[in-house]
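To start, the structure under review is shown below, and the notes come after it.
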Amino acid sequence: MTWLRKAKEGLKAQQRRRELPDGLWTKCEDCGEILYHKELERNLWTCSKCSYHFRISARSYIKILVDEDTFVERFSEVVSTDPLKFRDAKRYSDRLKKAREETGLSEAVLCGEGRIEGHPCVLAIMDFAFLGGSLASAAGERIARSILLAIETRHPLLILSSSGGARMFEGILSLMQMAKANALLARLSDAGVPYISIMTHPTTGGVTASFASVGDVILAEPKALIGFAGPRVIKQTINQELPEGFQRSEFLLQKGMIDRIVHRTELKKTIAWLLRFFAAGAALPQKPRRRAGESLARFRAASLPIGTALPPAPPTPVAEPAAAGTTEIEVPEPSPNGTATGSAPVSPAKTPAPAQPAKAPAPAQPAKTPAPAPSAKAPTKSSAKPPARPTVREVRVEE
Ligand SMILES: [Zn+2]
């Protein structure tokens, strides 16, 4: 029997020698395929054989998603201090310093404004390489400010999550960010500004439990681990075998927690389609808007395999006098007390809309202050009636 074992070991050693990439080749972490570096880069760091998605940095996502030279970073001045003077094996302040040096970021989330296929939007992109993409006071504050910026500019918000959860080095201050972000997202929702959440591998803990799960549309990368507690903890707690593919995006798509799984090479196209959809839906008068809702329902049906062409975007409105190029369309929108102010978020749709019965005219909100919103209701997923949401006062429609 010994000679058998020896032969096996010999084979392994040979394999290992063949795997040495020397910077030109990278081994797929899932299927073991050896991938040529340039090709991997062309495929946006996804395996051409099994479509495994390699983890990439926040800046790489900016490169992939945002039109060239349109990204402007914001809120980089908000950085973590060490409020608890926390120390375990290492000082928290030292960990922060190291993470900053290694990633070139000052926090676990990179925020800013940019355009995606010409559509302006506000972005917040998390980076797992920075202390596990953990959510702490500064990261939470950056996200909060991004949401406020989206309300102010009325540009759609995009949050790309990649996180191990709340950062324990800041204790309860980290946990508070969950409530803060969601309270502001409720305001964003009241203002009728769309929010697209993108979950990447992994999105866990406090991030899943707060802002990542409440997008108007929730996208996820294939095979991403998405959950609150990890599978091992759950297995020990409930003392049962977990189903196949538990907590992976494919499983969550089946259960209705996410709307669509999007391959990274399709991500920009898909987001651009959604931005076009929201812009057109907001600009259309009541009736055709329902038609726009139907195509979002088809989008949500999502049984289509990855790479299938999306349903066509709703037609751009022709009701208003449309000139060539960029047209601006005013949607009449009487506010509850007759004061239709400029940028203040006004609760949507006061026009006779049979679609939404119980929506009481919300009092115009003070817009700026980052105090917790009075109504603690989390923004529910608008899957029931997406067309009623976006009522934007002034929408730019391309073409
Ligand atoms: Zn692979």
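We name chains A, B, ... following the order of the structure tokens; residues begin at 1 in each chain, and ligands are numbered from 1 as shown.
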
Residue contacts of Met126 in chain A (7 Å, only C-alpha atoms) excluding same-chain residues fewer than 5 positions away, as an MDAnalysis selection string: chainID A and resid 58 108:110 133 160:162

For those residues, write all heavy atoms to a file as an mmCIF file, in the first residue's frame.
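Final output, saved to out_26.cif:
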data_model
loop_
_atom_site.group_PDB
_atom_site.id
_atom_site.type_symbol
_atom_site.label_atom_id
_atom_site.label_comp_id
_atom_site.auth_asym_id
_atom_site.auth_seq_id
_atom_site.Cartn_x
_atom_site.Cartn_y
_atom_site.Cartn_z
ATOM 1 N N ALA A 58 -12.973 48.263 -4.856
ATOM 2 C CA ALA A 58 -14.007 49.264 -5.129
ATOM 3 C C ALA A 58 -13.639 50.086 -6.361
ATOM 4 O O ALA A 58 -14.493 50.392 -7.202
ATOM 5 C CB ALA A 58 -14.176 50.169 -3.915
ATOM 6 N N ALA A 108 -13.911 51.760 4.367
ATOM 7 C CA ALA A 108 -14.337 50.543 3.673
ATOM 8 C C ALA A 108 -15.372 50.811 2.584
ATOM 9 O O ALA A 108 -15.811 49.887 1.912
ATOM 10 C CB ALA A 108 -14.903 49.551 4.691
ATOM 11 N N VAL A 109 -15.749 52.058 2.418
ATOM 12 C CA VAL A 109 -16.697 52.359 1.340
ATOM 13 C C VAL A 109 -16.226 53.595 0.582
ATOM 14 O O VAL A 109 -15.730 54.556 1.169
ATOM 15 C CB VAL A 109 -18.140 52.525 1.893
ATOM 16 C CG1 VAL A 109 -18.240 53.671 2.870
ATOM 17 C CG2 VAL A 109 -19.145 52.709 0.769
ATOM 18 N N LEU A 110 -16.327 53.488 -0.732
ATOM 19 C CA LEU A 110 -15.900 54.568 -1.617
ATOM 20 C C LEU A 110 -17.159 55.200 -2.201
ATOM 21 O O LEU A 110 -17.958 54.512 -2.842
ATOM 22 C CB LEU A 110 -15.019 53.973 -2.722
ATOM 23 C CG LEU A 110 -14.480 54.891 -3.800
ATOM 24 C CD1 LEU A 110 -13.486 55.879 -3.212
ATOM 25 C CD2 LEU A 110 -13.795 54.079 -4.887
ATOM 26 N N GLY A 133 -14.524 44.866 4.610
ATOM 27 C CA GLY A 133 -15.665 45.673 4.182
ATOM 28 C C GLY A 133 -16.620 45.961 5.316
ATOM 29 O O GLY A 133 -17.827 46.083 5.116
ATOM 30 N N LEU A 160 -23.178 49.229 -3.743
ATOM 31 C CA LEU A 160 -22.639 47.899 -4.019
ATOM 32 C C LEU A 160 -22.023 47.376 -2.721
ATOM 33 O O LEU A 160 -21.116 47.981 -2.168
ATOM 34 C CB LEU A 160 -21.603 47.992 -5.135
ATOM 35 C CG LEU A 160 -21.067 46.666 -5.645
ATOM 36 C CD1 LEU A 160 -20.943 46.699 -7.156
ATOM 37 C CD2 LEU A 160 -19.736 46.310 -5.036
ATOM 38 N N SER A 161 -22.573 46.277 -2.225
ATOM 39 C CA SER A 161 -22.144 45.777 -0.919
ATOM 40 C C SER A 161 -21.171 44.619 -1.064
ATOM 41 O O SER A 161 -21.320 43.771 -1.946
ATOM 42 C CB SER A 161 -23.354 45.306 -0.116
ATOM 43 O OG SER A 161 -24.298 46.334 -0.033
ATOM 44 N N SER A 162 -20.204 44.613 -0.184
ATOM 45 C CA SER A 162 -19.262 43.505 -0.079
ATOM 46 C C SER A 162 -18.723 43.613 1.336
ATOM 47 O O SER A 162 -17.874 44.434 1.612
ATOM 48 C CB SER A 162 -18.151 43.693 -1.106
ATOM 49 O OG SER A 162 -17.135 42.761 -0.862
#

For Lys269 in chain A, work out the shell of residues within 12 Å, counting only C-alpha atoms and skipping chain neighbours fewer than 2 positions away, then give it as a PDB file with N, CA, C and O atoms, in the first residue's frame.
ATOM      1  N   ILE A  64     -15.358  49.546 -13.974  1.00  0.00           N
ATOM      2  CA  ILE A  64     -16.270  48.699 -14.738  1.00  0.00           C
ATOM      3  C   ILE A  64     -17.602  49.397 -14.979  1.00  0.00           C
ATOM      4  O   ILE A  64     -18.160  49.331 -16.071  1.00  0.00           O
ATOM      5  N   LEU A  65     -18.121  50.073 -13.957  1.00  0.00           N
ATOM      6  CA  LEU A  65     -19.504  50.563 -14.017  1.00  0.00           C
ATOM      7  C   LEU A  65     -19.640  51.988 -14.539  1.00  0.00           C
ATOM      8  O   LEU A  65     -20.585  52.309 -15.259  1.00  0.00           O
ATOM      9  N   VAL A  66     -18.727  52.832 -14.138  1.00  0.00           N
ATOM     10  CA  VAL A  66     -18.945  54.267 -14.358  1.00  0.00           C
ATOM     11  C   VAL A  66     -18.277  54.706 -15.658  1.00  0.00           C
ATOM     12  O   VAL A  66     -17.193  54.228 -15.999  1.00  0.00           O
ATOM     13  N   ASP A  67     -18.937  55.585 -16.384  1.00  0.00           N
ATOM     14  CA  ASP A  67     -18.362  56.123 -17.620  1.00  0.00           C
ATOM     15  C   ASP A  67     -17.018  56.782 -17.319  1.00  0.00           C
ATOM     16  O   ASP A  67     -16.849  57.389 -16.259  1.00  0.00           O
ATOM     17  N   ILE A 116     -23.558  56.563 -15.532  1.00  0.00           N
ATOM     18  CA  ILE A 116     -23.544  55.212 -16.093  1.00  0.00           C
ATOM     19  C   ILE A 116     -24.316  55.265 -17.403  1.00  0.00           C
ATOM     20  O   ILE A 116     -25.505  55.570 -17.407  1.00  0.00           O
ATOM     21  N   GLU A 117     -23.608  55.035 -18.492  1.00  0.00           N
ATOM     22  CA  GLU A 117     -24.158  55.218 -19.845  1.00  0.00           C
ATOM     23  C   GLU A 117     -24.895  56.548 -19.930  1.00  0.00           C
ATOM     24  O   GLU A 117     -26.005  56.641 -20.444  1.00  0.00           O
ATOM     25  N   GLY A 118     -24.293  57.547 -19.361  1.00  0.00           N
ATOM     26  CA  GLY A 118     -24.831  58.903 -19.458  1.00  0.00           C
ATOM     27  C   GLY A 118     -25.798  59.286 -18.361  1.00  0.00           C
ATOM     28  O   GLY A 118     -26.118  60.455 -18.208  1.00  0.00           O
ATOM     29  N   HIS A 119     -26.267  58.317 -17.583  1.00  0.00           N
ATOM     30  CA  HIS A 119     -27.233  58.639 -16.530  1.00  0.00           C
ATOM     31  C   HIS A 119     -26.512  58.996 -15.244  1.00  0.00           C
ATOM     32  O   HIS A 119     -25.744  58.185 -14.724  1.00  0.00           O
ATOM     33  N   VAL A 262     -26.847  38.867 -11.832  1.00  0.00           N
ATOM     34  CA  VAL A 262     -26.248  39.505 -12.997  1.00  0.00           C
ATOM     35  C   VAL A 262     -24.761  39.179 -13.050  1.00  0.00           C
ATOM     36  O   VAL A 262     -24.030  39.406 -12.076  1.00  0.00           O
ATOM     37  N   HIS A 263     -24.342  38.638 -14.171  1.00  0.00           N
ATOM     38  CA  HIS A 263     -22.925  38.384 -14.407  1.00  0.00           C
ATOM     39  C   HIS A 263     -22.204  39.724 -14.471  1.00  0.00           C
ATOM     40  O   HIS A 263     -22.766  40.696 -14.967  1.00  0.00           O
ATOM     41  N   ARG A 264     -20.981  39.740 -13.964  1.00  0.00           N
ATOM     42  CA  ARG A 264     -20.288  41.030 -13.877  1.00  0.00           C
ATOM     43  C   ARG A 264     -20.153  41.706 -15.243  1.00  0.00           C
ATOM     44  O   ARG A 264     -20.177  42.931 -15.343  1.00  0.00           O
ATOM     45  N   THR A 265     -20.012  40.915 -16.285  1.00  0.00           N
ATOM     46  CA  THR A 265     -19.867  41.515 -17.611  1.00  0.00           C
ATOM     47  C   THR A 265     -21.180  42.154 -18.091  1.00  0.00           C
ATOM     48  O   THR A 265     -21.183  42.903 -19.054  1.00  0.00           O
ATOM     49  N   GLU A 266     -22.283  41.826 -17.440  1.00  0.00           N
ATOM     50  CA  GLU A 266     -23.585  42.371 -17.822  1.00  0.00           C
ATOM     51  C   GLU A 266     -24.035  43.474 -16.865  1.00  0.00           C
ATOM     52  O   GLU A 266     -25.100  44.057 -17.049  1.00  0.00           O
ATOM     53  N   LEU A 267     -23.232  43.702 -15.829  1.00  0.00           N
ATOM     54  CA  LEU A 267     -23.695  44.551 -14.728  1.00  0.00           C
ATOM     55  C   LEU A 267     -23.969  45.987 -15.172  1.00  0.00           C
ATOM     56  O   LEU A 267     -25.029  46.550 -14.893  1.00  0.00           O
ATOM     57  N   ILE A 271     -27.643  47.820 -15.111  1.00  0.00           N
ATOM     58  CA  ILE A 271     -27.895  49.021 -14.308  1.00  0.00           C
ATOM     59  C   ILE A 271     -28.353  50.163 -15.208  1.00  0.00           C
ATOM     60  O   ILE A 271     -29.299  50.877 -14.887  1.00  0.00           O
ATOM     61  N   ALA A 272     -27.702  50.290 -16.359  1.00  0.00           N
ATOM     62  CA  ALA A 272     -28.087  51.360 -17.290  1.00  0.00           C
ATOM     63  C   ALA A 272     -29.541  51.169 -17.730  1.00  0.00           C
ATOM     64  O   ALA A 272     -30.298  52.126 -17.841  1.00  0.00           O
ATOM     65  N   TRP A 273     -29.908  49.918 -17.978  1.00  0.00           N
ATOM     66  CA  TRP A 273     -31.303  49.633 -18.363  1.00  0.00           C
ATOM     67  C   TRP A 273     -32.259  50.088 -17.253  1.00  0.00           C
ATOM     68  O   TRP A 273     -33.280  50.723 -17.524  1.00  0.00           O
ATOM     69  N   LEU A 274     -31.905  49.769 -16.030  1.00  0.00           N
ATOM     70  CA  LEU A 274     -32.763  50.163 -14.894  1.00  0.00           C
ATOM     71  C   LEU A 274     -32.839  51.687 -14.757  1.00  0.00           C
ATOM     72  O   LEU A 274     -33.902  52.235 -14.489  1.00  0.00           O
ATOM     73  N   LEU A 275     -31.711  52.345 -14.946  1.00  0.00           N
ATOM     74  CA  LEU A 275     -31.710  53.807 -14.825  1.00  0.00           C
ATOM     75  C   LEU A 275     -32.587  54.427 -15.915  1.00  0.00           C
ATOM     76  O   LEU A 275     -33.335  55.372 -15.667  1.00  0.00           O
ATOM     77  N   ARG A 276     -32.507  53.859 -17.128  1.00  0.00           N
ATOM     78  CA  ARG A 276     -33.374  54.327 -18.228  1.00  0.00           C
ATOM     79  C   ARG A 276     -34.825  54.077 -17.867  1.00  0.00           C
ATOM     80  O   ARG A 276     -35.688  54.916 -18.060  1.00  0.00           O
ATOM     81  N   GLY A 307     -27.156  36.345 -19.179  1.00  0.00           N
ATOM     82  CA  GLY A 307     -26.739  36.661 -20.538  1.00  0.00           C
ATOM     83  C   GLY A 307     -27.895  36.847 -21.484  1.00  0.00           C
ATOM     84  O   GLY A 307     -27.724  37.313 -22.596  1.00  0.00           O
ATOM     85  N   THR A 308     -29.113  36.476 -21.043  1.00  0.00           N
ATOM     86  CA  THR A 308     -30.264  36.688 -21.893  1.00  0.00           C
ATOM     87  C   THR A 308     -30.517  38.184 -22.016  1.00  0.00           C
ATOM     88  O   THR A 308     -30.367  38.921 -21.053  1.00  0.00           O
ATOM     89  N   ALA A 309     -30.905  38.594 -23.176  1.00  0.00           N
ATOM     90  CA  ALA A 309     -31.156  40.021 -23.382  1.00  0.00           C
ATOM     91  C   ALA A 309     -32.308  40.462 -22.500  1.00  0.00           C
ATOM     92  O   ALA A 309     -33.276  39.726 -22.306  1.00  0.00           O
ATOM     93  N   LEU A 310     -32.197  41.661 -21.971  1.00  0.00           N
ATOM     94  CA  LEU A 310     -33.246  42.180 -21.109  1.00  0.00           C
ATOM     95  C   LEU A 310     -34.449  42.578 -21.945  1.00  0.00           C
ATOM     96  O   LEU A 310     -34.311  42.846 -23.133  1.00  0.00           O
ATOM     97  N   ALA A 313     -36.479  48.424 -22.923  1.00  0.00           N
ATOM     98  CA  ALA A 313     -36.816  49.499 -21.986  1.00  0.00           C
ATOM     99  C   ALA A 313     -38.103  50.163 -22.437  1.00  0.00           C
ATOM    100  O   ALA A 313     -38.412  50.174 -23.625  1.00  0.00           O
TER     101      ALA A 313
END

Please, which residues in chain A fall within 9 Å of ligand 1 when counting only C-alpha atoms and all ligand atoms, and what is the closest atom pair and distance in Å to one decimal for each, ordered by chain then residue number, as a Markdown table?
| residue | atom | partner | partner_atom_place_in_ligand_line | distance |
| --- | --- | --- | --- | --- |
| A:Lys27 | CA | ligand 1 | 1 (Zn) | 8.0 |
| A:Cys28 | CA | ligand 1 | 1 (Zn) | 4.6 |
| A:Glu29 | CA | ligand 1 | 1 (Zn) | 6.6 |
| A:Asp30 | CA | ligand 1 | 1 (Zn) | 5.1 |
| A:Cys31 | CA | ligand 1 | 1 (Zn) | 4.1 |
| A:Gly32 | CA | ligand 1 | 1 (Zn) | 5.9 |
| A:Glu33 | CA | ligand 1 | 1 (Zn) | 5.5 |
| A:Ile34 | CA | ligand 1 | 1 (Zn) | 8.3 |
| A:Leu35 | CA | ligand 1 | 1 (Zn) | 8.4 |
| A:Thr46 | CA | ligand 1 | 1 (Zn) | 7.8 |
| A:Cys47 | CA | ligand 1 | 1 (Zn) | 4.6 |
| A:Ser48 | CA | ligand 1 | 1 (Zn) | 6.7 |
| A:Lys49 | CA | ligand 1 | 1 (Zn) | 5.1 |
| A:Cys50 | CA | ligand 1 | 1 (Zn) | 4.1 |
| A:Ser51 | CA | ligand 1 | 1 (Zn) | 5.9 |
| A:Tyr52 | CA | ligand 1 | 1 (Zn) | 5.1 |
| A:His53 | CA | ligand 1 | 1 (Zn) | 8.4 |

In range 210-262 of chain A, DSSP strand (DSSP E) residues written as a ChimeraX atom specification: /A:217-220,226-227,260-261

Dump as a PDB file, in the first residue's frame, selection limited to N, CA, C and O atoms:
ATOM      1  N   VAL A 217     -34.609  47.763  -6.395  1.00  0.00           N
ATOM      2  CA  VAL A 217     -34.215  46.589  -7.172  1.00  0.00           C
ATOM      3  C   VAL A 217     -32.952  46.048  -6.520  1.00  0.00           C
ATOM      4  O   VAL A 217     -32.050  46.803  -6.182  1.00  0.00           O
ATOM      5  N   ILE A 218     -32.922  44.737  -6.311  1.00  0.00           N
ATOM      6  CA  ILE A 218     -31.735  44.128  -5.690  1.00  0.00           C
ATOM      7  C   ILE A 218     -31.098  43.167  -6.688  1.00  0.00           C
ATOM      8  O   ILE A 218     -31.720  42.194  -7.114  1.00  0.00           O
ATOM      9  N   LEU A 219     -29.878  43.473  -7.056  1.00  0.00           N
ATOM     10  CA  LEU A 219     -29.132  42.614  -7.964  1.00  0.00           C
ATOM     11  C   LEU A 219     -28.059  41.878  -7.158  1.00  0.00           C
ATOM     12  O   LEU A 219     -27.657  42.335  -6.096  1.00  0.00           O
ATOM     13  N   ALA A 220     -27.619  40.743  -7.680  1.00  0.00           N
ATOM     14  CA  ALA A 220     -26.524  40.031  -7.014  1.00  0.00           C
ATOM     15  C   ALA A 220     -25.637  39.379  -8.052  1.00  0.00           C
ATOM     16  O   ALA A 220     -26.093  39.020  -9.137  1.00  0.00           O
ATOM     17  N   ILE A 226     -24.671  35.407   0.564  1.00  0.00           N
ATOM     18  CA  ILE A 226     -25.495  36.486   1.101  1.00  0.00           C
ATOM     19  C   ILE A 226     -26.254  35.937   2.300  1.00  0.00           C
ATOM     20  O   ILE A 226     -26.978  34.952   2.183  1.00  0.00           O
ATOM     21  N   GLY A 227     -26.076  36.568   3.433  1.00  0.00           N
ATOM     22  CA  GLY A 227     -26.786  36.079   4.609  1.00  0.00           C
ATOM     23  C   GLY A 227     -26.491  36.941   5.812  1.00  0.00           C
ATOM     24  O   GLY A 227     -25.706  37.890   5.724  1.00  0.00           O
ATOM     25  N   ARG A 260     -32.558  39.706  -9.349  1.00  0.00           N
ATOM     26  CA  ARG A 260     -31.895  39.179 -10.525  1.00  0.00           C
ATOM     27  C   ARG A 260     -30.424  38.907 -10.238  1.00  0.00           C
ATOM     28  O   ARG A 260     -29.785  39.674  -9.509  1.00  0.00           O
ATOM     29  N   ILE A 261     -29.927  37.839 -10.810  1.00  0.00           N
ATOM     30  CA  ILE A 261     -28.500  37.561 -10.726  1.00  0.00           C
ATOM     31  C   ILE A 261     -27.868  38.080 -11.999  1.00  0.00           C
ATOM     32  O   ILE A 261     -28.331  37.777 -13.089  1.00  0.00           O
TER      33      ILE A 261
END

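Using only C-alpha atoms, the nearest neighbour of Ala212 in chain A within the list A:Val79, A:Ile125, A:Ser57, A:Arg115 is A:Ile125.
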
Neighbour list for Ala138 in chain A as a PyMOL selection string, cut-off 8 Å, only C-alpha atoms, skip fewer than 6 positions in-chain: chain A and resi 78-80+107
